[in-house]
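Worksheet for the structure shown next.
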Amino acid sequence: MEVLGFLAGLIFLILPIVTFVKVLNTLNRVTSMQGDIQDIRSRLNALAKQSANPPKTEEVQTKPAVAPAEPERKVETPEPVTIVQTVKPEEDLTPPPVPTPVKADPQPETPVQWDPFTSASAEADEPNLVETIFARIGDWFLVRGRFAPEGMAWEYAMATRWLLRLGIGTVLGGMIFFLKWSIDHGLLAPAGRVGLTLLAAVALIIAGMRMLFKKYHLLAQGMCGLGFCLLYFGFFAAYSLYHLISGPAAFFFWCCVSAGAGIFAVRYRSYAIACLGLLGGYLAPVLLASHSGNAWGFYSYLLLLTVAWLTVARIRSWPSLNIFAMLLSYVLAFAYAEKVHTAAFLVPGMIFFSLAHLLFLAAALLAVRSAQQAGKPFYRHYIPLGINAVVFALWSLWKVRAIIGMEWTGTIFLTVVACYVVISQIGLRKGAFDMNGVRILISIALGFLAVVPVLLFNATWHTFTWCVLAVILARLGKEPSFSILRAWAMLFLCIAGLHTLGYNCYELYYAAPLRASASSVPAFLGAALLRVVKIGILPATLLLVARDMETPPSRHILRSLAFLGCFAATTVETHLFATRFISDFVNGMITIVWTLFAIGLVAVGIAKDAKFPRRGGLVLFAIVVAKLFLFDLKGVATIYRVIASLLIGILLVGGSILYLRNQAKFKTEA
């Protein structure tokens, strides 16, 4: 049953890979069609330029050729000779077809697109995300770049911005100190204090709205921001400090202020007010929640708030607002999930994380498309896709696995893989994103797929599953445009190698009771065969993947690693066998096995006409001879010295015979 379950799970793992093939084939056809269309457009533009601007040299030749023909017809009688003379220039008037296409040069009209997987220097001058964030922070503090007014001096920019910022902060602090002073002296009742704060907030917002888009536009934005801050503080004080209103009422008023800030930001194009409203909306459940444990209400509020602010970001083309909303949503969701550990809270949490995952995925793809259409750098808009996927994976591994088990978590991961494949297909057919978007989505899907074997299968099958996926991806990545699949194949091989060294070797050679299974030679050989098969999966995979590698160095490295794996496993098994049955001849047995490997390398190198295996075999021959005379013949019985010397000598002579039989292949070598 375990084998049947493994085969069924493996089929489900391979199905997304087959779908990847369809996506990539469609992508290849689309790219080839785009190239043909660009070629046709360049040719049409060249023909249009030729028809609009004919060559001037031809016009100069036609005018003197026609002019002398008319007086000849008037003075002299028409003769066949004159007709022939007039026809010949007319025949010469036809422009030759050869030099005309030389003047048209359609090369500058071909657009150049950035490709992160095939062109490393196309966007070398563009800063990365971290540099952009620090540059924006520096621009905000120093009032330069996008934060500086156009056509104004640096002194004016610093004075207006920073004096306004400091003034607003000082006024807000003064309002807070005034409320404290009134409390200490009993000048105003709690209701009066709250009412005065709210009236001042409304007055500031109304006055600021009247001054917007005029001379004091910057001051007006600061007044509106201060007004929204006072509204938040007033309702918070009415609930938390004075207990004038209930928790639900305070929560409702707080949400109304956030909604008003969002409408104001969209109407008056104020990014600062949008960030203020976003922060206030996500702080509402933290500052005003009753902590009743209503998971459905909490996650529903987060989902509605996420949809609202993603809509604001989409309307005003503020992609950074998507990142802020994503980070705040996931931070609050993780903080809430930390308090609950039962299955009753898992369903609303899983629904929220699934829908939020899709929402932020759609927002990131739309931001990429908008940047492409506007001709702006769009590669950094792919980063939220990776953050979104990592957060969903962490949630699933943290909560879902602990509550419902690893098998269901693996099923969820497979569903996510299928969703990314379907999205990549639909987006490619609809033209929603280009080749880079498809590669990013495929990479995220493969990242989820790499974790699936750990969740669905027993640890014994992990290496085999990763090796199968590596072979399939390497075979699919043979095309140059699909090099990302070869990179993932190498990553799967690295994972399989680490698992083999860290788990398989420990379980097979240290944790397993080797002595109990070695009571006889047939029993030991049977157990050794099973161990070699489990360990040999990785070297076999390395050889298969090496066949699909594009560059010779990659093939040589993979084949060398496969040889080293087989060499190490055979050496360990030989040592175990000799220790159990021929304890006095352990080193000699290992030397004989190494000699066989050396002959095998020489034979393969001669058969394939490859220098690297042949010379590796010669180096191994030298190591064998040195090991024999320096270590193996010391302290052993004479009979073992005879056996070792004879066998290794015969094998060395056999290596020499291989070279003698193929001496014709080495005549041209220096």
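Chain labels follow the order of the structure tokens: the first chain is A, the next B, and so on; residue numbering restarts at 1 in every chain, and ligands are counted from 1 in their shown order.
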>> Could you pull out the alpha helix (DSSP H) residues of region 196-420 of chain A, going by DSSP on the backbone, and write them as a count of residues only?
In response: 178
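Counting only C-alpha atoms, region 413-420 of chain A has the following residues at most 7 Å away, ignoring those fewer than 6 positions along the same chain: Pro16, Leu441, Ala445, Phe448, Leu449 and Val452 of chain A.
Going from CA of Met326 (chain A) to CA of Cys255 (chain A) covers 18.5 Å.
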> Contacts of region 613-629 of chain A at 8 Å or less, counting only C-alpha atoms, minus same-chain residues fewer than 4 places along, as a PyMOL selection string?
Replying inline: chain A and resi 588+591+594-595+597-606+633+652
> Between CA of Ala265 (chain A) and CA of Ala313 (chain A), what is the distance, to one decimal in Å?
Replying inline: 10.0 Å
